[in-house]
Amino acid sequence: MKLRHLIDIKDFTEAEIDELIEVAKDIIDNPVKYSDKCHGKKLATLFFEPSTRTRLSFEAAMYELGGNVLGFSEAQSSSAAKGESVADTIRTVSNYADIIAMRHPKEGAPTVAATRTKVPIINAGDGGHNHPTQTLTDLLTISREKGRLTNMTIGLVGDLKFGRTVHSLINAMSRYEGIKFVLIAPEELRIPDYVKEDVLDRNGIEYVETTDLEGAMPELDVLYMTRVQKERFFNEEDYLRLKDSYILTPDKLQNAKEDLSILHPLPRVNEISTAIDDDPRAKYFTQALNGKYIRMALIIKLLEEADAFSIPGSTAERWAK
Ligand code: NCD
């Protein structure tokens with residue numbers, strides 16, 4: 001049996017993603033039904049990079065499923081600080097846990113992890129590359145707010161170069177019918193060519209690139225704001241010059257649709273004025289809550305596929321035999 005992981009959003013088919021969304025909605029409606037689902041199972045959260053929502057929502061998800069959590073929240077408190085490789089850390093931790101969620105500053109680290117593990121690996125963000133569980137969160141949010149994942153115009157704003165949430169979201173939404181992207185970024189933070197060539201052009205997706213947020217506003221169904229990714233810049237001067245390129249204030253929403261959904265993976269720095277927070281179109285904190293539900297659905301799916309429920313003992317114990 002091949003162990004399933006979630007490294008890239010494309011590791012799951014559209015049907016599997018639809019199913020995860022349905023399970024997450026069922027969890028929202030019937031939480032008690034799931035409260036013991038992961039009894040006796042352990043999730044390891046290995047975070048070599050800072051996080052609030054991703055790590056805590058993973059941990060809350062596992063607790064709400066009746067499972068337990070272990071892990072570390074910074075590389076400094078793990079053996080990475082002594083020079084241990086990701087491969088060795090994963091090989092070790094997969095003896096202790098039934099499933100692993102990891103975040104790492106190096107692109108591709110979760111792919112390496114998947115070659116060394118005995119249990120499912122979830123990519124909780126790898127450098128400027130991918131962030132598939134944020135994308136599942138975004139898809140659940142769009143589905144709940146819009147009632148569909150098809151036929152809409154999505155404006156992506158800010159750091160489209162380094163923003164891994166944007167790369168994964170474009171990858172996922174490109175598979176649905178009638179999606180158009182408006183890519184709004186300063187010249188230096190435009191979407192990378194590989195995303196344009198391998199995802200947008202290859203799939204014949206309609207998109208425009210612009211620097212003009214207000215000009216694009218009237219046609220948008222979803223407005224996805226992002227922070228300029230300070231930690232991925234080579235010099236501070238460039239960051240300081242670009243960090244406030246786009247700040248969403250109430251006046252900029254004047255020509256926006258009544259049923260626009262404003263999303264942001266968070267953390268917010270300056271990109272959205274707090275004056276927007278009470279606007280009914282602001283969905284970013286609901287989005288953060290949705291992250292917990294979809295991660296519950298994901299943990300169940302990957303543990304089920306690893307067969308962790310049908311045979312007594314942890315997955316690792318069985319594999320060790
Ligand atoms: C994002 C990330 O880590 O890429 N945060 C998150 O997981 N919600 C976005 C960001 O840090 O800007």
# chains A, B, ... in the order shown; residues from 1 in each chain; ligands from 1
$ select_by_dssp --residues "region 125-261 of chain A" --states "helix (DSSP H, G or I)" --output "MDAnalysis selection string"
chainID A and resid 132:146 164:173 187:189 193:201 213:219 230:232 236:242 250:253
$ residues_near_ligand --ligand "ligand 1" --cutoff "7 Å" --atoms "only C-alpha atoms and all ligand atoms" --output "JSON, numbers by chain"
{"A": [51, 53, 54, 125, 131, 134, 163, 164, 165, 226, 227, 229, 265, 266, 267]}
$ write_last_selection --atoms "N, CA, C and O atoms" --output "mmCIF file, in the first residue's frame"
data_model
loop_
_atom_site.group_PDB
_atom_site.id
_atom_site.type_symbol
_atom_site.label_atom_id
_atom_site.label_comp_id
_atom_site.auth_asym_id
_atom_site.auth_seq_id
_atom_site.Cartn_x
_atom_site.Cartn_y
_atom_site.Cartn_z
ATOM 1 N N SER A 51 4.607 30.382 13.092
ATOM 2 C CA SER A 51 3.221 30.158 12.682
ATOM 3 C C SER A 51 2.300 30.420 13.868
ATOM 4 O O SER A 51 2.683 30.160 15.007
ATOM 5 N N ARG A 53 -1.741 30.545 13.092
ATOM 6 C CA ARG A 53 -2.949 29.854 12.641
ATOM 7 C C ARG A 53 -2.690 28.412 12.214
ATOM 8 O O ARG A 53 -3.428 27.499 12.597
ATOM 9 N N THR A 54 -1.689 28.209 11.394
ATOM 10 C CA THR A 54 -1.528 26.869 10.823
ATOM 11 C C THR A 54 -1.245 25.859 11.929
ATOM 12 O O THR A 54 -1.911 24.834 12.049
ATOM 13 N N GLY A 125 3.581 24.402 4.666
ATOM 14 C CA GLY A 125 4.257 25.568 4.113
ATOM 15 C C GLY A 125 5.733 25.278 3.916
ATOM 16 O O GLY A 125 6.418 24.944 4.880
ATOM 17 N N HIS A 131 1.604 25.906 -0.048
ATOM 18 C CA HIS A 131 0.953 25.877 1.265
ATOM 19 C C HIS A 131 -0.433 25.242 1.066
ATOM 20 O O HIS A 131 -1.452 25.909 1.147
ATOM 21 N N GLN A 134 -3.427 25.733 3.520
ATOM 22 C CA GLN A 134 -4.053 27.061 3.456
ATOM 23 C C GLN A 134 -5.010 27.090 2.270
ATOM 24 O O GLN A 134 -6.099 27.656 2.346
ATOM 25 N N GLY A 163 4.688 34.745 -2.205
ATOM 26 C CA GLY A 163 3.532 34.278 -1.435
ATOM 27 C C GLY A 163 3.126 32.854 -1.801
ATOM 28 O O GLY A 163 2.485 32.601 -2.810
ATOM 29 N N ARG A 164 3.492 31.916 -0.933
ATOM 30 C CA ARG A 164 3.221 30.503 -1.252
ATOM 31 C C ARG A 164 1.723 30.195 -1.256
ATOM 32 O O ARG A 164 1.267 29.317 -1.974
ATOM 33 N N THR A 165 0.943 30.954 -0.466
ATOM 34 C CA THR A 165 -0.503 30.688 -0.445
ATOM 35 C C THR A 165 -1.116 30.983 -1.816
ATOM 36 O O THR A 165 -2.016 30.290 -2.268
ATOM 37 N N THR A 226 -2.642 39.739 0.410
ATOM 38 C CA THR A 226 -1.511 39.030 1.041
ATOM 39 C C THR A 226 -0.498 40.040 1.573
ATOM 40 O O THR A 226 -0.403 41.166 1.095
ATOM 41 N N ARG A 227 0.278 39.582 2.514
ATOM 42 C CA ARG A 227 1.347 40.373 3.134
ATOM 43 C C ARG A 227 2.611 40.279 2.270
ATOM 44 O O ARG A 227 2.845 39.245 1.629
ATOM 45 N N GLN A 229 6.225 39.351 1.905
ATOM 46 C CA GLN A 229 6.904 38.305 2.680
ATOM 47 C C GLN A 229 8.320 38.732 3.093
ATOM 48 O O GLN A 229 9.319 38.322 2.490
ATOM 49 N N PRO A 265 -4.804 35.187 4.054
ATOM 50 C CA PRO A 265 -4.381 34.009 4.830
ATOM 51 C C PRO A 265 -3.958 34.399 6.246
ATOM 52 O O PRO A 265 -3.900 33.531 7.122
ATOM 53 N N LEU A 266 -3.652 35.680 6.446
ATOM 54 C CA LEU A 266 -3.140 36.202 7.711
ATOM 55 C C LEU A 266 -1.767 35.574 7.992
ATOM 56 O O LEU A 266 -1.512 34.477 7.532
ATOM 57 N N PRO A 267 -0.864 36.172 8.693
ATOM 58 C CA PRO A 267 -1.036 37.415 9.439
ATOM 59 C C PRO A 267 -1.118 38.664 8.554
ATOM 60 O O PRO A 267 -0.450 38.742 7.525
#
$ residues_around --residues "region 87-89 of chain A" --least-positions-apart "3" --cutoff "6 Å" --atoms "only C-alpha atoms" --output "ChimeraX atom specification"
/A:92,113,116
$ residues_around --residues "Gly204 (chain A)" --least-positions-apart "6" --cutoff "12 Å" --atoms "only C-alpha atoms" --output "MDAnalysis selection string"
chainID A and resid 174:181 196:198
$ write_last_selection --atoms "all heavy atoms" --output "CSV table (one decimal), in the first residue's frame"
chain,number,residue,atom,x,y,z
A,174,SER,N,-7.3,26.7,-10.7
A,174,SER,CA,-7.2,26.5,-12.2
A,174,SER,C,-7.9,25.3,-12.6
A,174,SER,O,-8.1,25.1,-13.8
A,174,SER,CB,-5.7,26.5,-12.6
A,174,SER,OG,-5.1,27.7,-12.3
A,175,ARG,N,-8.2,24.4,-11.7
A,175,ARG,CA,-8.9,23.2,-12.1
A,175,ARG,C,-10.4,23.3,-12.3
A,175,ARG,O,-11.1,22.4,-12.7
A,175,ARG,CB,-8.6,22.0,-11.2
A,175,ARG,CG,-7.1,21.7,-11.2
A,175,ARG,CD,-6.8,20.4,-10.6
A,175,ARG,NE,-6.9,20.3,-9.2
A,175,ARG,CZ,-6.5,19.3,-8.4
A,175,ARG,NH1,-6.1,18.2,-9.0
A,175,ARG,NH2,-6.7,19.3,-7.1
A,176,TYR,N,-10.9,24.4,-11.8
A,176,TYR,CA,-12.4,24.6,-11.9
A,176,TYR,C,-12.8,25.5,-13.1
A,176,TYR,O,-12.0,26.3,-13.6
A,176,TYR,CB,-12.9,25.3,-10.5
A,176,TYR,CG,-12.7,24.4,-9.4
A,176,TYR,CD1,-11.5,24.4,-8.6
A,176,TYR,CD2,-13.7,23.5,-9.0
A,176,TYR,CE1,-11.3,23.5,-7.5
A,176,TYR,CE2,-13.5,22.6,-7.9
A,176,TYR,CZ,-12.3,22.6,-7.2
A,176,TYR,OH,-12.1,21.8,-6.1
A,177,GLU,N,-14.0,25.2,-13.5
A,177,GLU,CA,-14.6,25.9,-14.7
A,177,GLU,C,-14.8,27.4,-14.5
A,177,GLU,O,-15.2,27.8,-13.4
A,177,GLU,CB,-16.0,25.4,-15.0
A,177,GLU,CG,-16.1,24.0,-15.5
A,177,GLU,CD,-15.8,23.9,-17.0
A,177,GLU,OE1,-16.5,24.6,-17.8
A,177,GLU,OE2,-14.8,23.2,-17.4
A,178,GLY,N,-14.5,28.2,-15.5
A,178,GLY,CA,-14.9,29.6,-15.5
A,178,GLY,C,-14.2,30.5,-14.5
A,178,GLY,O,-14.8,31.5,-14.1
A,179,ILE,N,-12.9,30.1,-14.2
A,179,ILE,CA,-12.2,31.0,-13.2
A,179,ILE,C,-11.3,32.0,-14.0
A,179,ILE,O,-10.6,31.6,-14.9
A,179,ILE,CB,-11.3,30.1,-12.3
A,179,ILE,CG1,-12.2,29.1,-11.5
A,179,ILE,CG2,-10.4,31.0,-11.4
A,179,ILE,CD1,-13.2,29.8,-10.5
A,180,LYS,N,-11.4,33.2,-13.6
A,180,LYS,CA,-10.5,34.2,-14.1
A,180,LYS,C,-9.7,34.9,-13.0
A,180,LYS,O,-10.3,35.1,-11.9
A,180,LYS,CB,-11.3,35.3,-14.8
A,180,LYS,CG,-10.4,36.4,-15.4
A,180,LYS,CD,-11.2,37.5,-16.0
A,180,LYS,CE,-10.3,38.7,-16.4
A,180,LYS,NZ,-11.0,39.9,-16.9
A,181,PHE,N,-8.4,35.1,-13.2
A,181,PHE,CA,-7.6,35.7,-12.2
A,181,PHE,C,-7.2,37.1,-12.6
A,181,PHE,O,-6.8,37.3,-13.7
A,181,PHE,CB,-6.3,34.9,-11.9
A,181,PHE,CG,-6.5,33.5,-11.4
A,181,PHE,CD1,-6.3,32.4,-12.1
A,181,PHE,CD2,-6.8,33.4,-10.0
A,181,PHE,CE1,-6.5,31.1,-11.6
A,181,PHE,CE2,-7.0,32.1,-9.5
A,181,PHE,CZ,-6.8,31.0,-10.3
A,196,LYS,N,3.0,31.0,-14.2
A,196,LYS,CA,2.3,31.4,-15.4
A,196,LYS,C,2.4,30.3,-16.5
A,196,LYS,O,1.4,29.9,-17.1
A,196,LYS,CB,2.9,32.7,-16.0
A,196,LYS,CG,2.4,33.9,-15.2
A,196,LYS,CD,2.6,35.2,-16.0
A,196,LYS,CE,4.0,35.7,-15.7
A,196,LYS,NZ,4.2,37.0,-16.3
A,197,GLU,N,3.6,29.8,-16.7
A,197,GLU,CA,3.8,28.8,-17.8
A,197,GLU,C,3.2,27.5,-17.4
A,197,GLU,O,2.4,26.9,-18.2
A,197,GLU,CB,5.3,28.7,-18.1
A,197,GLU,CG,5.8,29.9,-18.8
A,197,GLU,CD,7.3,30.1,-18.7
A,197,GLU,OE1,8.0,29.1,-18.3
A,197,GLU,OE2,7.8,31.2,-18.9
A,198,ASP,N,3.5,27.0,-16.2
A,198,ASP,CA,3.1,25.6,-15.9
A,198,ASP,C,1.7,25.5,-15.4
A,198,ASP,O,1.1,24.4,-15.5
A,198,ASP,CB,4.0,25.0,-14.7
A,198,ASP,CG,5.4,25.0,-15.1
A,198,ASP,OD1,5.7,25.2,-16.3
A,198,ASP,OD2,6.3,24.7,-14.2
$ closest_residue --among "A:Asn290, A:Asn255, A:Ser245, A:Thr45" --to "Ile122 (chain A)" --atoms "only C-alpha atoms"
A:Thr45
$ closest_residue --among "A:Ile7, A:Ala80, A:Phe47, A:Phe162" --to "Tyr239 (chain A)" --atoms "only C-alpha atoms"
A:Phe162
$ residues_around --residues "Asp193 (chain A)" --least-positions-apart "5" --cutoff "12 Å" --atoms "only C-alpha atoms" --output "number ranges by chain"
A: 160-161, 167, 198-202
$ write_last_selection --atoms "N, CA, C and O atoms" --output "PDB file, in the first residue's frame"
ATOM      1  N   LEU A 160       2.952  38.445  -4.883  1.00  0.00           N
ATOM      2  CA  LEU A 160       2.611  37.252  -5.662  1.00  0.00           C
ATOM      3  C   LEU A 160       3.872  36.463  -6.034  1.00  0.00           C
ATOM      4  O   LEU A 160       3.777  35.319  -6.481  1.00  0.00           O
ATOM      5  N   LYS A 161       5.026  37.073  -5.789  1.00  0.00           N
ATOM      6  CA  LYS A 161       6.290  36.393  -6.092  1.00  0.00           C
ATOM      7  C   LYS A 161       6.625  35.369  -5.002  1.00  0.00           C
ATOM      8  O   LYS A 161       6.822  34.192  -5.275  1.00  0.00           O
ATOM      9  N   HIS A 167       0.471  30.814  -4.747  1.00  0.00           N
ATOM     10  CA  HIS A 167       0.877  29.798  -5.735  1.00  0.00           C
ATOM     11  C   HIS A 167      -0.014  28.556  -5.627  1.00  0.00           C
ATOM     12  O   HIS A 167      -0.481  28.010  -6.637  1.00  0.00           O
ATOM     13  N   ASP A 198       3.490  26.963 -16.211  1.00  0.00           N
ATOM     14  CA  ASP A 198       3.108  25.580 -15.869  1.00  0.00           C
ATOM     15  C   ASP A 198       1.652  25.457 -15.446  1.00  0.00           C
ATOM     16  O   ASP A 198       1.077  24.372 -15.528  1.00  0.00           O
ATOM     17  N   VAL A 199       1.070  26.521 -14.944  1.00  0.00           N
ATOM     18  CA  VAL A 199      -0.296  26.401 -14.435  1.00  0.00           C
ATOM     19  C   VAL A 199      -1.274  27.198 -15.307  1.00  0.00           C
ATOM     20  O   VAL A 199      -2.194  26.637 -15.907  1.00  0.00           O
ATOM     21  N   LEU A 200      -1.070  28.501 -15.409  1.00  0.00           N
ATOM     22  CA  LEU A 200      -2.058  29.343 -16.084  1.00  0.00           C
ATOM     23  C   LEU A 200      -2.091  29.089 -17.591  1.00  0.00           C
ATOM     24  O   LEU A 200      -3.135  28.748 -18.149  1.00  0.00           O
ATOM     25  N   ASP A 201      -0.931  29.217 -18.239  1.00  0.00           N
ATOM     26  CA  ASP A 201      -0.908  29.059 -19.697  1.00  0.00           C
ATOM     27  C   ASP A 201      -1.214  27.621 -20.096  1.00  0.00           C
ATOM     28  O   ASP A 201      -1.992  27.382 -21.024  1.00  0.00           O
ATOM     29  N   ARG A 202      -0.626  26.681 -19.379  1.00  0.00           N
ATOM     30  CA  ARG A 202      -0.819  25.269 -19.736  1.00  0.00           C
ATOM     31  C   ARG A 202      -2.282  24.858 -19.682  1.00  0.00           C
ATOM     32  O   ARG A 202      -2.739  24.026 -20.457  1.00  0.00           O
TER      33      ARG A 202
END
$ residues_around --residues "Leu223 (chain A)" --least-positions-apart "4" --cutoff "9 Å" --atoms "only C-alpha atoms" --output "list in words"
Thr153, Ile154, Gly155, Leu156, Val157, Met217, Leu260, Ser261, Ile262, Leu263 and His264 of chain A
$ decode --residues "region 293-305 of chain A" --atoms "all heavy atoms" --output "mmCIF file, in the first residue's frame"
data_model
loop_
_atom_site.group_PDB
_atom_site.id
_atom_site.type_symbol
_atom_site.label_atom_id
_atom_site.label_comp_id
_atom_site.auth_asym_id
_atom_site.auth_seq_id
_atom_site.Cartn_x
_atom_site.Cartn_y
_atom_site.Cartn_z
ATOM 1 N N TYR A 293 -11.474 23.341 10.647
ATOM 2 C CA TYR A 293 -12.403 22.294 10.194
ATOM 3 C C TYR A 293 -11.848 21.487 9.026
ATOM 4 O O TYR A 293 -11.973 20.269 8.981
ATOM 5 C CB TYR A 293 -13.754 22.917 9.806
ATOM 6 C CG TYR A 293 -14.438 23.577 10.976
ATOM 7 C CD1 TYR A 293 -14.781 24.936 10.933
ATOM 8 C CD2 TYR A 293 -14.739 22.853 12.125
ATOM 9 C CE1 TYR A 293 -15.409 25.537 12.009
ATOM 10 C CE2 TYR A 293 -15.360 23.461 13.205
ATOM 11 C CZ TYR A 293 -15.699 24.794 13.142
ATOM 12 O OH TYR A 293 -16.304 25.390 14.204
ATOM 13 N N ILE A 294 -11.221 22.197 8.082
ATOM 14 C CA ILE A 294 -10.718 21.448 6.917
ATOM 15 C C ILE A 294 -9.513 20.607 7.325
ATOM 16 O O ILE A 294 -9.288 19.521 6.781
ATOM 17 C CB ILE A 294 -10.380 22.400 5.735
ATOM 18 C CG1 ILE A 294 -10.342 21.632 4.406
ATOM 19 C CG2 ILE A 294 -9.074 23.130 5.929
ATOM 20 C CD1 ILE A 294 -11.653 21.322 3.796
ATOM 21 N N ARG A 295 -8.750 21.068 8.315
ATOM 22 C CA ARG A 295 -7.609 20.254 8.781
ATOM 23 C C ARG A 295 -8.110 19.021 9.535
ATOM 24 O O ARG A 295 -7.477 17.966 9.488
ATOM 25 C CB ARG A 295 -6.647 21.108 9.606
ATOM 26 C CG ARG A 295 -5.890 22.099 8.722
ATOM 27 C CD ARG A 295 -4.881 22.959 9.465
ATOM 28 N NE ARG A 295 -4.124 23.768 8.507
ATOM 29 C CZ ARG A 295 -4.332 25.062 8.258
ATOM 30 N NH1 ARG A 295 -5.272 25.735 8.918
ATOM 31 N NH2 ARG A 295 -3.614 25.699 7.344
ATOM 32 N N MET A 296 -9.250 19.145 10.202
ATOM 33 C CA MET A 296 -9.849 17.954 10.825
ATOM 34 C C MET A 296 -10.184 16.933 9.744
ATOM 35 O O MET A 296 -9.865 15.747 9.852
ATOM 36 C CB MET A 296 -11.122 18.345 11.613
ATOM 37 C CG MET A 296 -10.840 19.137 12.879
ATOM 38 S SD MET A 296 -12.329 19.808 13.662
ATOM 39 C CE MET A 296 -12.966 18.368 14.515
ATOM 40 N N ALA A 297 -10.817 17.413 8.684
ATOM 41 C CA ALA A 297 -11.200 16.513 7.584
ATOM 42 C C ALA A 297 -9.963 15.876 6.954
ATOM 43 O O ALA A 297 -9.954 14.680 6.624
ATOM 44 C CB ALA A 297 -11.999 17.292 6.535
ATOM 45 N N LEU A 298 -8.907 16.655 6.821
ATOM 46 C CA LEU A 298 -7.670 16.162 6.198
ATOM 47 C C LEU A 298 -6.990 15.096 7.063
ATOM 48 O O LEU A 298 -6.536 14.062 6.551
ATOM 49 C CB LEU A 298 -6.713 17.346 5.973
ATOM 50 C CG LEU A 298 -5.322 16.996 5.447
ATOM 51 C CD1 LEU A 298 -5.404 16.414 4.043
ATOM 52 C CD2 LEU A 298 -4.420 18.243 5.459
ATOM 53 N N ILE A 299 -6.926 15.348 8.363
ATOM 54 C CA ILE A 299 -6.294 14.373 9.271
ATOM 55 C C ILE A 299 -7.058 13.044 9.192
ATOM 56 O O ILE A 299 -6.456 11.971 9.095
ATOM 57 C CB ILE A 299 -6.270 14.923 10.724
ATOM 58 C CG1 ILE A 299 -5.288 16.098 10.832
ATOM 59 C CG2 ILE A 299 -5.904 13.814 11.723
ATOM 60 C CD1 ILE A 299 -5.394 16.890 12.139
ATOM 61 N N ILE A 300 -8.378 13.111 9.221
ATOM 62 C CA ILE A 300 -9.186 11.883 9.139
ATOM 63 C C ILE A 300 -8.881 11.146 7.838
ATOM 64 O O ILE A 300 -8.625 9.945 7.822
ATOM 65 C CB ILE A 300 -10.703 12.209 9.215
ATOM 66 C CG1 ILE A 300 -11.057 12.764 10.593
ATOM 67 C CG2 ILE A 300 -11.539 10.969 8.901
ATOM 68 C CD1 ILE A 300 -12.478 13.321 10.687
ATOM 69 N N LYS A 301 -8.873 11.882 6.741
ATOM 70 C CA LYS A 301 -8.649 11.238 5.433
ATOM 71 C C LYS A 301 -7.292 10.528 5.384
ATOM 72 O O LYS A 301 -7.203 9.355 5.001
ATOM 73 C CB LYS A 301 -8.730 12.280 4.308
ATOM 74 C CG LYS A 301 -8.405 11.716 2.933
ATOM 75 C CD LYS A 301 -8.437 12.797 1.867
ATOM 76 C CE LYS A 301 -7.901 12.283 0.544
ATOM 77 N NZ LYS A 301 -8.688 11.202 -0.058
ATOM 78 N N LEU A 302 -6.241 11.235 5.783
ATOM 79 C CA LEU A 302 -4.903 10.644 5.656
ATOM 80 C C LEU A 302 -4.707 9.489 6.629
ATOM 81 O O LEU A 302 -4.067 8.494 6.294
ATOM 82 C CB LEU A 302 -3.823 11.714 5.837
ATOM 83 C CG LEU A 302 -3.701 12.703 4.670
ATOM 84 C CD1 LEU A 302 -2.663 13.775 4.971
ATOM 85 C CD2 LEU A 302 -3.338 12.004 3.355
ATOM 86 N N LEU A 303 -5.275 9.590 7.824
ATOM 87 C CA LEU A 303 -5.167 8.466 8.765
ATOM 88 C C LEU A 303 -5.974 7.275 8.259
ATOM 89 O O LEU A 303 -5.536 6.133 8.377
ATOM 90 C CB LEU A 303 -5.631 8.884 10.164
ATOM 91 C CG LEU A 303 -4.644 9.738 10.976
ATOM 92 C CD1 LEU A 303 -5.242 10.099 12.328
ATOM 93 C CD2 LEU A 303 -3.311 9.020 11.171
ATOM 94 N N GLU A 304 -7.132 7.549 7.689
ATOM 95 C CA GLU A 304 -7.942 6.441 7.147
ATOM 96 C C GLU A 304 -7.193 5.735 6.030
ATOM 97 O O GLU A 304 -7.150 4.510 5.973
ATOM 98 C CB GLU A 304 -9.283 6.967 6.625
ATOM 99 C CG GLU A 304 -10.376 6.802 7.657
ATOM 100 C CD GLU A 304 -11.672 7.491 7.249
ATOM 101 O OE1 GLU A 304 -11.760 8.029 6.128
ATOM 102 O OE2 GLU A 304 -12.596 7.491 8.078
ATOM 103 N N GLU A 305 -6.579 6.538 5.170
ATOM 104 C CA GLU A 305 -5.858 5.931 4.051
ATOM 105 C C GLU A 305 -4.628 5.163 4.519
ATOM 106 O O GLU A 305 -4.196 4.224 3.872
ATOM 107 C CB GLU A 305 -5.484 6.991 3.024
ATOM 108 C CG GLU A 305 -6.733 7.563 2.406
ATOM 109 C CD GLU A 305 -6.532 8.039 0.995
ATOM 110 O OE1 GLU A 305 -5.506 7.708 0.377
ATOM 111 O OE2 GLU A 305 -7.423 8.750 0.512
#
